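The structure file input14.pdb is reproduced below (PDB, C-alpha atoms).
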```pdb
MODEL        1
ATOM      1  CA  MET A  27     -23.164 -33.203  41.925
ATOM      2  CA  GLN A  28     -24.936 -33.330  45.238
ATOM      3  CA  GLY A  29     -27.901 -30.997  45.513
ATOM      4  CA  THR A  30     -27.852 -30.073  41.823
ATOM      5  CA  PRO A  31     -29.961 -32.574  39.871
ATOM      6  CA  GLY A  32     -29.328 -32.740  36.158
ATOM      7  CA  TYR A  33     -25.717 -31.584  36.438
ATOM      8  CA  THR A  34     -22.460 -33.528  36.433
ATOM      9  CA  TRP A  35     -18.766 -32.783  36.556
ATOM     10  CA  ALA A  36     -15.660 -34.228  34.935
ATOM     11  CA  GLY A  37     -12.034 -33.943  36.008
ATOM     12  CA  LEU A  38      -9.286 -34.007  33.379
ATOM     13  CA  PRO A  39      -5.818 -34.669  34.850
ATOM     14  CA  PRO A  40      -2.591 -34.002  32.895
ATOM     15  CA  ARG A  41      -1.473 -37.594  33.460
ATOM     16  CA  ARG A  42      -2.825 -40.888  34.767
ATOM     17  CA  ALA A  43      -4.371 -40.363  38.163
ATOM     18  CA  HIS A  44      -6.493 -42.305  40.604
ATOM     19  CA  LEU A  45      -9.941 -41.034  41.492
ATOM     20  CA  CYS A  46     -11.230 -42.450  44.747
ATOM     21  CA  PRO A  47     -14.618 -44.225  44.750
ATOM     22  CA  PRO A  48     -17.507 -41.782  44.300
ATOM     23  CA  VAL A  49     -18.771 -40.194  47.473
ATOM     24  CA  PRO A  50     -21.242 -37.334  47.891
ATOM     25  CA  SER A  51     -18.514 -34.774  48.592
ATOM     26  CA  PRO A  52     -15.612 -34.204  48.120
ATOM     27  CA  ALA A  53     -13.945 -36.375  45.414
ATOM     28  CA  PRO A  54     -10.247 -36.943  46.238
ATOM     29  CA  LEU A  55      -7.898 -37.172  43.235
ATOM     30  CA  GLN A  56      -4.603 -38.972  43.822
ATOM     31  CA  VAL A  57      -1.813 -37.759  41.535
ATOM     32  CA  HIS A  58       1.187 -39.208  43.367
ATOM     33  CA  ARG A  59       1.588 -42.151  45.717
ATOM     34  CA  ARG A  60       4.469 -42.580  48.159
ATOM     35  CA  LEU A  61       4.956 -45.328  50.731
ATOM     36  CA  LEU A  62       7.700 -45.540  53.318
ATOM     37  CA  HIS A  63       7.142 -49.292  53.778
ATOM     38  CA  ASP A  64       6.537 -52.143  51.350
ATOM     39  CA  ASP A  65       2.798 -52.757  50.942
ATOM     40  CA  ASN A  66       3.408 -56.421  49.962
ATOM     41  CA  ARG A  67       1.665 -56.061  46.604
ATOM     42  CA  GLY A  68       4.412 -57.398  44.379
ATOM     43  CA  LEU A  69       7.023 -54.656  44.099
ATOM     44  CA  GLY A  70       9.198 -56.046  46.873
ATOM     45  CA  GLU A  71      10.271 -52.634  48.144
ATOM     46  CA  ALA A  72       8.822 -49.412  49.481
ATOM     47  CA  LEU A  73       7.305 -47.101  46.886
ATOM     48  CA  ASP A  74       9.584 -44.288  47.983
ATOM     49  CA  GLU A  75      11.230 -42.235  45.232
ATOM     50  CA  PRO A  76      13.318 -39.452  46.806
ATOM     51  CA  GLY A  77      14.126 -37.767  43.492
ATOM     52  CA  ALA A  78      17.369 -36.087  42.461
ATOM     53  CA  ASP A  79      17.418 -33.705  45.422
ATOM     54  CA  GLY A  80      16.340 -36.286  48.004
ATOM     55  CA  ARG A  81      13.161 -34.396  48.914
ATOM     56  CA  GLY A  82      10.760 -36.541  46.941
ATOM     57  CA  LEU A  83       9.270 -36.279  43.487
ATOM     58  CA  VAL A  84       7.517 -33.089  42.526
ATOM     59  CA  VAL A  85       4.463 -33.386  40.298
ATOM     60  CA  ARG A  86       3.184 -30.345  38.462
ATOM     61  CA  GLY A  87       0.319 -30.121  36.017
ATOM     62  CA  ARG A  88      -2.937 -28.496  35.089
ATOM     63  CA  HIS A  89      -6.243 -30.095  36.047
ATOM     64  CA  LEU A  90      -9.444 -29.073  34.308
ATOM     65  CA  VAL A  91     -12.756 -29.430  36.117
ATOM     66  CA  LEU A  92     -15.839 -29.104  33.925
ATOM     67  CA  LEU A  93     -19.361 -28.621  35.224
ATOM     68  CA  ASP A  94     -22.294 -28.909  32.855
ATOM     69  CA  THR A  95     -25.636 -30.569  32.342
ATOM     70  CA  VAL A  96     -25.665 -34.344  31.986
ATOM     71  CA  GLY A  97     -26.658 -34.121  28.323
ATOM     72  CA  ALA A  98     -24.049 -31.533  27.329
ATOM     73  CA  ALA A  99     -21.081 -32.649  29.475
ATOM     74  CA  PRO A 100     -19.697 -35.351  27.095
ATOM     75  CA  GLU A 101     -19.435 -32.869  24.232
ATOM     76  CA  GLN A 102     -17.319 -30.679  26.500
ATOM     77  CA  HIS A 103     -14.914 -33.114  28.107
ATOM     78  CA  ARG A 104     -14.287 -35.447  25.135
ATOM     79  CA  PRO A 105     -12.641 -32.857  22.846
ATOM     80  CA  ARG A 106     -10.799 -31.227  25.737
ATOM     81  CA  ALA A 107      -9.388 -34.592  26.792
ATOM     82  CA  GLN A 108      -8.060 -35.050  23.254
ATOM     83  CA  GLN A 109      -6.472 -31.602  23.334
ATOM     84  CA  MET A 110      -4.727 -32.409  26.607
ATOM     85  CA  ALA A 111      -3.547 -35.844  25.452
ATOM     86  CA  THR A 112      -2.234 -34.679  22.055
ATOM     87  CA  PRO A 113      -1.162 -31.029  22.306
ATOM     88  CA  PRO A 114       0.614 -29.316  19.386
ATOM     89  CA  THR A 115       4.341 -29.958  19.146
ATOM     90  CA  VAL A 116       6.658 -26.962  18.798
ATOM     91  CA  VAL A 117       9.642 -27.641  16.516
ATOM     92  CA  LEU A 118      12.563 -25.190  16.262
ATOM     93  CA  ALA A 119      15.502 -25.211  13.836
ATOM     94  CA  PRO A 120      18.532 -22.945  13.364
ATOM     95  CA  GLY A 121      18.625 -20.408  10.545
ATOM     96  CA  ARG A 122      16.372 -17.661   9.270
ATOM     97  CA  GLY A 123      13.751 -20.040   7.904
ATOM     98  CA  PRO A 124      10.670 -19.182   5.849
ATOM     99  CA  HIS A 125       8.081 -16.614   6.798
ATOM    100  CA  LEU A 126       5.455 -17.844   9.204
ATOM    101  CA  ARG A 127       2.439 -19.303   7.492
ATOM    102  CA  GLN A 128      -0.491 -21.532   8.325
ATOM    103  CA  VAL A 129      -0.211 -25.111   7.117
ATOM    104  CA  SER A 130      -2.762 -27.900   7.531
ATOM    105  CA  GLY A 131      -2.526 -31.542   6.556
ATOM    106  CA  LEU A 132      -6.299 -31.656   6.110
ATOM    107  CA  ARG A 133      -8.341 -29.871   3.481
ATOM    108  CA  ARG A 134     -11.348 -29.703   5.790
ATOM    109  CA  ALA A 135     -12.217 -30.496   9.378
ATOM    110  CA  LEU A 136     -13.235 -33.961  10.445
ATOM    111  CA  PRO A 137     -16.641 -34.501  12.061
ATOM    112  CA  PRO A 138     -16.457 -33.407  15.720
ATOM    113  CA  ASN A 139     -16.940 -36.987  16.944
ATOM    114  CA  VAL A 140     -14.102 -38.440  14.820
ATOM    115  CA  HIS A 141     -10.388 -38.384  15.605
ATOM    116  CA  LEU A 142      -7.518 -39.100  13.200
ATOM    117  CA  LEU A 143      -5.647 -41.500  15.447
ATOM    118  CA  SER A 144      -2.636 -42.130  13.196
ATOM    119  CA  LEU A 145      -1.285 -41.495   9.701
ATOM    120  CA  GLU A 146       1.783 -43.520   8.771
ATOM    121  CA  PRO A 147       3.659 -43.916   5.457
ATOM    122  CA  ARG A 148       3.783 -47.517   4.252
ATOM    123  CA  GLY A 149       6.099 -47.525   1.262
ATOM    124  CA  ALA A 150       5.725 -45.737  -2.067
ATOM    125  CA  GLY A 151       2.181 -44.637  -2.730
ATOM    126  CA  ALA A 152       0.628 -46.069   0.453
ATOM    127  CA  VAL A 153      -0.260 -44.758   3.906
ATOM    128  CA  LEU A 154      -1.884 -46.327   6.950
ATOM    129  CA  VAL A 155      -4.901 -44.363   8.180
ATOM    130  CA  ARG A 156      -6.519 -45.062  11.537
ATOM    131  CA  LEU A 157      -9.756 -43.328  12.566
ATOM    132  CA  GLU A 158     -11.630 -43.535  15.854
ATOM    133  CA  HIS A 159     -15.086 -42.542  17.053
ATOM    134  CA  LEU A 160     -14.798 -40.608  20.311
ATOM    135  CA  TYR A 161     -18.171 -41.288  21.940
ATOM    136  CA  GLN A 162     -19.941 -44.270  23.461
ATOM    137  CA  VAL A 163     -23.423 -45.434  22.544
ATOM    138  CA  GLY A 164     -25.988 -43.133  24.176
ATOM    139  CA  GLU A 165     -23.350 -40.897  25.759
ATOM    140  CA  SER A 166     -24.196 -37.786  23.770
ATOM    141  CA  ARG A 167     -27.236 -36.762  21.770
ATOM    142  CA  ASN A 168     -25.126 -35.554  18.844
ATOM    143  CA  GLY A 169     -21.701 -37.079  19.471
ATOM    144  CA  SER A 170     -22.930 -40.667  19.744
ATOM    145  CA  ARG A 171     -24.313 -40.689  16.225
ATOM    146  CA  ALA A 172     -22.517 -42.683  13.544
ATOM    147  CA  ALA A 173     -20.160 -40.553  11.449
ATOM    148  CA  THR A 174     -19.084 -40.734   7.818
ATOM    149  CA  VAL A 175     -15.815 -39.464   6.354
ATOM    150  CA  ASP A 176     -14.803 -38.925   2.728
ATOM    151  CA  LEU A 177     -11.135 -39.919   2.628
ATOM    152  CA  THR A 178     -10.609 -39.291  -1.083
ATOM    153  CA  THR A 179     -10.251 -35.516  -0.714
ATOM    154  CA  LEU A 180      -9.589 -35.178   3.021
ATOM    155  CA  PHE A 181      -5.799 -34.782   2.950
ATOM    156  CA  SER A 182      -4.035 -31.781   1.447
ATOM    157  CA  ALA A 183      -0.877 -33.582   0.301
ATOM    158  CA  PHE A 184      -2.436 -36.536  -1.506
ATOM    159  CA  THR A 185      -5.626 -38.102  -2.837
ATOM    160  CA  VAL A 186      -6.805 -41.501  -1.622
ATOM    161  CA  THR A 187      -7.565 -43.697  -4.635
ATOM    162  CA  SER A 188      -8.439 -47.009  -2.915
ATOM    163  CA  LEU A 189      -8.703 -48.594   0.541
ATOM    164  CA  GLN A 190      -8.015 -51.963   2.109
ATOM    165  CA  GLU A 191      -9.345 -52.371   5.634
ATOM    166  CA  MET A 192      -6.812 -53.836   8.040
ATOM    167  CA  ALA A 193      -6.861 -55.314  11.519
ATOM    168  CA  LEU A 194      -6.291 -52.823  14.326
ATOM    169  CA  GLY A 195      -2.524 -53.362  14.276
ATOM    170  CA  GLY A 196      -2.382 -52.516  10.571
ATOM    171  CA  ASP A 197      -0.523 -55.681   9.587
ATOM    172  CA  VAL A 198      -3.303 -58.099   8.584
ATOM    173  CA  PRO A 199      -5.988 -57.388   5.962
ATOM    174  CA  LEU A 200      -9.664 -57.889   6.784
ATOM    175  CA  PRO A 201     -11.736 -59.961   6.799
ATOM    176  CA  LEU A 202      -9.700 -62.689   8.436
ATOM    177  CA  PRO A 203     -10.548 -66.131   6.987
ATOM    178  CA  ARG A 204     -10.919 -67.612  10.469
ATOM    179  CA  LEU A 205     -13.384 -64.867  11.468
ATOM    180  CA  LEU A 206     -15.903 -65.185   8.656
ATOM    181  CA  TRP A 207     -19.343 -65.505  10.187
ATOM    182  CA  ASN A 208     -22.683 -63.813   9.823
ATOM    183  CA  PRO A 209     -24.889 -64.209  12.891
ATOM    184  CA  PRO A 210     -28.517 -63.103  12.567
ATOM    185  CA  THR A 211     -27.956 -60.032  14.743
ATOM    186  CA  GLU A 212     -24.973 -58.743  12.760
ATOM    187  CA  THR A 213     -25.534 -56.427   9.804
ATOM    188  CA  PRO A 214     -23.066 -57.197   6.977
ATOM    189  CA  ARG A 215     -20.753 -54.313   6.122
ATOM    190  CA  PRO A 216     -21.327 -52.712   2.714
ATOM    191  CA  ARG A 217     -18.572 -52.689   0.123
ATOM    192  CA  LEU A 218     -15.749 -50.390   1.203
ATOM    193  CA  ASP A 219     -15.913 -47.005  -0.488
ATOM    194  CA  PRO A 220     -13.227 -44.375   0.383
ATOM    195  CA  ARG A 221     -15.834 -41.661  -0.216
ATOM    196  CA  TRP A 222     -18.104 -43.085   2.487
ATOM    197  CA  VAL A 223     -16.203 -44.480   5.487
ATOM    198  CA  ARG A 224     -18.617 -45.023   8.364
ATOM    199  CA  LEU A 225     -17.682 -45.121  12.042
ATOM    200  CA  ARG A 226     -19.996 -46.354  14.765
ATOM    201  CA  PRO A 227     -19.708 -45.229  18.428
ATOM    202  CA  MET A 228     -16.350 -46.173  20.023
ATOM    203  CA  GLU A 229     -15.236 -47.872  16.807
ATOM    204  CA  ILE A 230     -11.633 -47.761  15.556
ATOM    205  CA  ARG A 231     -11.024 -48.626  11.901
ATOM    206  CA  THR A 232      -7.653 -49.039  10.209
ATOM    207  CA  PHE A 233      -7.070 -48.741   6.467
ATOM    208  CA  LEU A 234      -4.162 -49.198   4.089
ATOM    209  CA  ALA A 235      -4.728 -46.459   1.537
ATOM    210  CA  SER A 236      -3.299 -46.222  -1.945
ATOM    211  CA  VAL A 237      -2.591 -42.547  -2.578
ATOM    212  CA  GLN A 238      -1.639 -40.201  -5.375
ATOM    213  CA  TYR A 239       0.466 -37.292  -4.191
ATOM    214  CA  ARG A 240      -0.547 -33.889  -5.480
ATOM    215  CA  GLY A 241       1.773 -32.264  -7.981
ATOM    216  CA  LEU A 242       3.392 -35.580  -8.991
TER     217      LEU A 242
ENDMDL
END
```
Please render this file's structure as C-alpha coordinates.
Amino acid sequence: MQGTPGYTWAGLPPRRAHLCPPVPSPAPLQVHRRLLHDDNRGLGEALDEPGADGRGLVVRGRHLVLLDTVGAAPEQHRPRAQQMATPPTVVLAPGRGPHLRQVSGLRRALPPNVHLLSLEPRGAGAVLVRLEHLYQVGESRNGSRAATVDLTTLFSAFTVTSLQEMALGGDVPLPLPRLLWNPPTETPRPRLDPRWVRLRPMEIRTFLASVQYRGL
(Lines of atoms letter the chains of each structure in order from A and count residues from 1; the text may use other names and numbers.)
(Lines give C-alpha, C1' and ligand atoms only; values in the text may rest on other atoms or scores of the structure.)
Protein backbone atom coordinates (compact mmCIF):
# COMPACT_ATOMS: atom_id res chain seq x y z
CA MET A 1 0.00 0.00 0.00
CA GLN A 2 1.52 3.25 -1.13
CA GLY A 3 2.86 5.40 1.68
CA THR A 4 2.41 2.70 4.32
CA PRO A 5 5.54 0.54 4.45
CA GLY A 6 5.15 -2.84 6.07
CA TYR A 7 1.46 -3.14 5.22
CA THR A 8 -0.33 -4.98 2.43
CA TRP A 9 -3.88 -5.61 1.33
CA ALA A 10 -5.77 -8.54 -0.16
CA GLY A 11 -9.04 -8.56 -2.07
CA LEU A 12 -11.32 -11.61 -1.87
CA PRO A 13 -13.97 -11.68 -4.62
CA PRO A 14 -17.05 -13.97 -4.45
CA ARG A 15 -16.16 -15.45 -7.84
CA ARG A 16 -13.33 -15.45 -10.36
CA ALA A 17 -12.34 -11.90 -11.16
CA HIS A 18 -9.57 -10.11 -12.99
CA LEU A 19 -7.29 -7.78 -11.08
CA CYS A 20 -5.52 -5.31 -13.31
CA PRO A 21 -1.70 -5.13 -13.17
CA PRO A 22 -0.47 -3.55 -9.92
CA VAL A 23 -0.27 0.21 -9.94
CA PRO A 24 0.37 2.58 -7.04
CA SER A 25 -3.30 3.54 -6.72
CA PRO A 26 -6.07 2.55 -7.28
CA ALA A 27 -6.33 -1.20 -8.11
CA PRO A 28 -9.22 -1.84 -10.53
CA LEU A 29 -11.06 -5.16 -10.08
CA GLN A 30 -12.97 -6.44 -13.10
CA VAL A 31 -15.94 -8.63 -12.17
CA HIS A 32 -17.80 -8.62 -15.49
CA ARG A 33 -16.67 -8.10 -19.07
CA ARG A 34 -18.97 -7.08 -21.92
CA LEU A 35 -18.02 -6.31 -25.51
CA LEU A 36 -20.31 -5.02 -28.23
CA HIS A 37 -17.91 -6.18 -30.97
CA ASP A 38 -15.87 -9.34 -31.47
CA ASP A 39 -12.35 -8.87 -30.11
CA ASN A 40 -10.96 -11.54 -32.50
CA ARG A 41 -9.59 -13.70 -29.69
CA GLY A 42 -11.21 -16.98 -30.62
CA LEU A 43 -14.86 -16.73 -29.59
CA GLY A 44 -16.06 -15.66 -33.02
CA GLU A 45 -18.76 -13.35 -31.68
CA ALA A 46 -19.20 -10.34 -29.45
CA LEU A 47 -19.04 -11.03 -25.72
CA ASP A 48 -22.47 -9.50 -25.24
CA GLU A 49 -24.88 -11.36 -22.96
CA PRO A 50 -28.14 -9.38 -22.68
CA GLY A 51 -29.63 -11.64 -20.01
CA ALA A 52 -33.26 -12.69 -19.61
CA ASP A 53 -34.58 -9.13 -19.50
CA GLY A 54 -32.38 -7.81 -22.31
CA ARG A 55 -30.65 -5.26 -20.07
CA GLY A 56 -27.45 -7.20 -19.55
CA LEU A 57 -26.24 -9.55 -16.86
CA VAL A 58 -26.36 -8.40 -13.28
CA VAL A 59 -23.55 -9.51 -10.99
CA ARG A 60 -23.98 -9.30 -7.25
CA GLY A 61 -21.60 -10.42 -4.55
CA ARG A 62 -19.63 -9.52 -1.48
CA HIS A 63 -15.99 -8.47 -1.76
CA LEU A 64 -13.74 -8.54 1.28
CA VAL A 65 -10.75 -6.21 1.45
CA LEU A 66 -8.24 -7.01 4.18
CA LEU A 67 -5.49 -4.67 5.33
CA ASP A 68 -2.79 -5.94 7.65
CA THR A 69 0.94 -6.15 8.14
CA VAL A 70 2.92 -8.15 5.60
CA GLY A 71 3.73 -10.85 8.16
CA ALA A 72 0.18 -11.27 9.47
CA ALA A 73 -1.83 -10.83 6.24
CA PRO A 74 -1.58 -14.47 4.97
CA GLU A 75 -3.03 -15.83 8.21
CA GLN A 76 -6.02 -13.54 7.68
CA HIS A 77 -6.85 -14.00 4.02
CA ARG A 78 -6.13 -17.74 3.66
CA PRO A 79 -8.83 -18.97 6.08
CA ARG A 80 -11.31 -16.33 4.92
CA ALA A 81 -10.80 -17.39 1.30
CA GLN A 82 -11.64 -20.96 2.32
CA GLN A 83 -14.77 -19.79 4.11
CA MET A 84 -15.92 -17.91 1.01
CA ALA A 85 -15.14 -20.79 -1.36
CA THR A 86 -16.80 -23.50 0.76
CA PRO A 87 -19.60 -21.94 2.82
CA PRO A 88 -21.95 -24.14 4.89
CA THR A 89 -24.81 -25.72 2.97
CA VAL A 90 -28.33 -25.33 4.35
CA VAL A 91 -30.49 -28.43 3.82
CA LEU A 92 -34.25 -28.38 4.49
CA ALA A 93 -36.72 -31.29 4.54
CA PRO A 94 -40.47 -31.54 5.15
CA GLY A 95 -41.80 -32.79 8.48
CA ARG A 96 -41.26 -31.96 12.12
CA GLY A 97 -37.77 -33.42 12.24
CA PRO A 98 -35.53 -33.86 15.29
CA HIS A 99 -34.65 -31.14 17.74
CA LEU A 100 -31.81 -28.91 16.66
CA ARG A 101 -28.45 -30.13 17.81
CA GLN A 102 -24.80 -29.59 16.98
CA VAL A 103 -23.18 -32.32 14.92
CA SER A 104 -19.56 -32.49 13.75
CA GLY A 105 -17.87 -35.04 11.53
CA LEU A 106 -14.57 -34.36 13.29
CA ARG A 107 -13.69 -35.17 16.87
CA ARG A 108 -11.24 -32.27 17.03
CA ALA A 109 -10.16 -29.36 14.88
CA LEU A 110 -7.52 -29.74 12.22
CA PRO A 111 -4.35 -27.63 12.40
CA PRO A 112 -5.14 -24.10 11.15
CA ASN A 113 -2.91 -24.56 8.09
CA VAL A 114 -4.55 -27.84 6.97
CA HIS A 115 -7.78 -28.23 5.01
CA LEU A 116 -9.82 -31.42 4.57
CA LEU A 117 -10.23 -31.17 0.82
CA SER A 118 -12.45 -34.23 0.30
CA LEU A 119 -13.87 -37.27 2.07
CA GLU A 120 -15.43 -39.87 -0.20
CA PRO A 121 -16.77 -43.39 0.50
CA ARG A 122 -15.00 -46.08 -1.52
CA GLY A 123 -16.93 -49.27 -0.90
CA ALA A 124 -17.46 -51.15 2.36
CA GLY A 125 -14.98 -50.17 5.02
CA ALA A 126 -12.97 -47.69 2.92
CA VAL A 127 -12.95 -43.93 2.39
CA LEU A 128 -10.81 -41.61 0.30
CA VAL A 129 -9.26 -38.80 2.34
CA ARG A 130 -7.58 -35.82 0.71
CA LEU A 131 -5.72 -33.22 2.79
CA GLU A 132 -4.07 -30.00 1.66
CA HIS A 133 -1.64 -27.53 3.20
CA LEU A 134 -2.94 -24.00 2.73
CA TYR A 135 0.27 -21.95 2.79
CA GLN A 136 3.29 -21.51 0.55
CA VAL A 137 6.89 -21.79 1.68
CA GLY A 138 7.87 -18.63 3.56
CA GLU A 139 4.43 -17.05 3.21
CA SER A 140 3.59 -17.06 6.91
CA ARG A 141 5.71 -17.39 10.02
CA ASN A 142 3.33 -19.92 11.58
CA GLY A 143 1.17 -21.09 8.68
CA SER A 144 4.07 -22.13 6.45
CA ARG A 145 5.33 -24.70 8.92
CA ALA A 146 4.87 -28.38 8.15
CA ALA A 147 1.79 -29.87 9.83
CA THR A 148 1.03 -33.32 11.20
CA VAL A 149 -2.40 -34.93 11.53
CA ASP A 150 -3.47 -38.03 13.44
CA LEU A 151 -6.10 -39.64 11.22
CA THR A 152 -6.81 -42.63 13.45
CA THR A 153 -9.06 -40.71 15.85
CA LEU A 154 -9.88 -37.60 13.79
CA PHE A 155 -13.33 -38.59 12.51
CA SER A 156 -16.36 -39.00 14.75
CA ALA A 157 -18.11 -41.71 12.72
CA PHE A 158 -15.22 -44.12 12.21
CA THR A 159 -11.65 -45.02 13.15
CA VAL A 160 -8.92 -45.20 10.52
CA THR A 161 -7.08 -48.51 10.88
CA SER A 162 -4.65 -48.31 7.91
CA LEU A 163 -3.68 -46.04 5.01
CA GLN A 164 -2.56 -46.46 1.42
CA GLU A 165 -1.28 -43.29 -0.21
CA MET A 166 -2.74 -42.67 -3.65
CA ALA A 167 -2.00 -40.40 -6.58
CA LEU A 168 -3.83 -37.07 -6.53
CA GLY A 169 -6.78 -38.45 -8.50
CA GLY A 170 -7.26 -41.23 -5.94
CA ASP A 171 -7.21 -44.04 -8.50
CA VAL A 172 -3.56 -45.17 -8.54
CA PRO A 173 -1.58 -46.27 -5.46
CA LEU A 174 1.82 -44.73 -4.71
CA PRO A 175 4.66 -45.06 -5.34
CA LEU A 176 4.29 -45.51 -9.07
CA PRO A 177 6.81 -48.05 -10.43
CA ARG A 178 7.83 -45.68 -13.23
CA LEU A 179 8.51 -42.88 -10.73
CA LEU A 180 10.88 -44.65 -8.37
CA TRP A 181 13.97 -42.51 -7.97
CA ASN A 182 15.97 -41.07 -5.12
CA PRO A 183 18.00 -38.02 -6.13
CA PRO A 184 20.55 -36.73 -3.61
CA THR A 185 18.44 -33.67 -2.79
CA GLU A 186 15.26 -35.62 -2.05
CA THR A 187 14.60 -36.90 1.47
CA PRO A 188 12.94 -40.35 1.38
CA ARG A 189 9.49 -40.43 2.96
CA PRO A 190 9.22 -42.40 6.21
CA ARG A 191 6.90 -45.38 6.45
CA LEU A 192 3.27 -44.25 6.34
CA ASP A 193 1.70 -44.08 9.78
CA PRO A 194 -1.97 -42.94 10.08
CA ARG A 195 -1.12 -41.45 13.48
CA TRP A 196 1.50 -39.16 11.95
CA VAL A 197 0.54 -37.82 8.51
CA ARG A 198 2.83 -34.94 7.59
CA LEU A 199 2.01 -32.17 5.14
CA ARG A 200 4.58 -29.76 3.76
CA PRO A 201 3.68 -26.25 2.47
CA MET A 202 1.26 -26.32 -0.50
CA GLU A 203 1.24 -30.12 -0.47
CA ILE A 204 -1.88 -32.17 -1.25
CA ARG A 205 -1.89 -35.82 -0.16
CA THR A 206 -4.53 -38.42 -0.98
CA PHE A 207 -5.11 -41.60 1.01
CA LEU A 208 -7.33 -44.66 0.72
CA ALA A 209 -8.20 -45.40 4.33
CA SER A 210 -9.48 -48.64 5.78
CA VAL A 211 -11.97 -47.70 8.49
CA GLN A 212 -13.94 -49.27 11.30
CA TYR A 213 -17.27 -47.57 11.88
CA ARG A 214 -18.13 -46.81 15.48
CA GLY A 215 -20.90 -48.85 17.02
CA LEU A 216 -20.56 -51.68 14.47
Worksheet entry | Reference answer for the PyMOL selection byres ((chain A and resi 102) around 12), as an NGL selection string | :A and (34-38 or 90-101 or 103-109 or 138-139 or 160-161 or 165-166 or 168-169)
Take the PyMOL selection byres ((chain A and resi 187-190) around 6), apply it to the structure above, and return the hits as a PDB file with C-alpha atoms, in the frame of the given file.
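The result, written out as result-v8.pdb:
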```pdb
ATOM      1  CA  VAL A 186      -6.805 -41.501  -1.622  1.00  0.00           C
ATOM      2  CA  GLU A 191      -9.345 -52.371   5.634  1.00  0.00           C
ATOM      3  CA  PHE A 233      -7.070 -48.741   6.467  1.00  0.00           C
ATOM      4  CA  LEU A 234      -4.162 -49.198   4.089  1.00  0.00           C
ATOM      5  CA  ALA A 235      -4.728 -46.459   1.537  1.00  0.00           C
ATOM      6  CA  SER A 236      -3.299 -46.222  -1.945  1.00  0.00           C
ATOM      7  CA  VAL A 237      -2.591 -42.547  -2.578  1.00  0.00           C
TER       8      VAL A 237
END
```
Fill in: Residue nearest His141 (chain A) - candidates A:Pro40, A:Pro114, A:Arg231, A:Arg88, atoms counted: all atoms listed in the file
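Ranked by minimum distance to His141 (chain A), first place goes to A:Arg231.
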Worksheet item: CA of Gln238 (chain A) and CA of Thr185 (chain A) are how many Å apart?
Response: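 Rounded to one decimal, the two atoms are 5.2 Å apart.
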Which neighbours of Ser130 (chain A) fall inside 12 Å, counting only C-alpha atoms, when residues of the same chain fewer than 6 positions from it are skipped, and could you give them as a tab-separated table (two decimals) with C-alpha atoms, in the coordinates of the input?
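Full text of out-v2.tsv as output:
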```
chain	number	residue	atom	x	y	z
A	180	LEU	CA	-9.59	-35.18	3.02
A	181	PHE	CA	-5.80	-34.78	2.95
A	182	SER	CA	-4.04	-31.78	1.45
A	183	ALA	CA	-0.88	-33.58	0.30
```
Practice prompt. Neighbourhood query: residues within 12 Å of (2.1, -47.2, 4.7), file coordinates, counting only C-alpha atoms; return as a list in words.
Written response: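 The residues that fall inside the cut-off are Ser144, Leu145, Glu146, Pro147, Arg148, Gly149, Ala150, Gly151, Ala152, Val153, Leu154, Val155, Arg156, Leu189, Gln190, Met192, Gly196, Asp197, Thr232, Phe233, Leu234, Ala235, Ser236 and Val237 of chain A.
Proximity ranking of A:Glu158, A:Asp176, A:Asp79, A:Asp64 relative to Glu229 (chain A) places A:Glu158 first, based on all atoms listed in the file.
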Worksheet entry | Pick from A:Leu61, A:Leu143, A:Leu136, A:Val163, whichever lies nearest to Thr112 (chain A) using only C-alpha atoms |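 Closest residue, counting only C-alpha atoms: A:Leu143.
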Discussion item. Rounded to one decimal, what separation in Å do you get between CA of Trp222 (chain A) and CA of Ala172 (chain A)?
Written reply: 11.9 Å
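By all atoms listed in the file, and with residues fewer than 4 positions from Val223 (chain A) along its chain excluded, the set lying at most 7 Å from it is Thr174, Val175, Asp176 and Asp219 of chain A.
Between CA of Ala119 (chain A) and CA of Phe184 (chain A) lies a distance of 26.2 Å.
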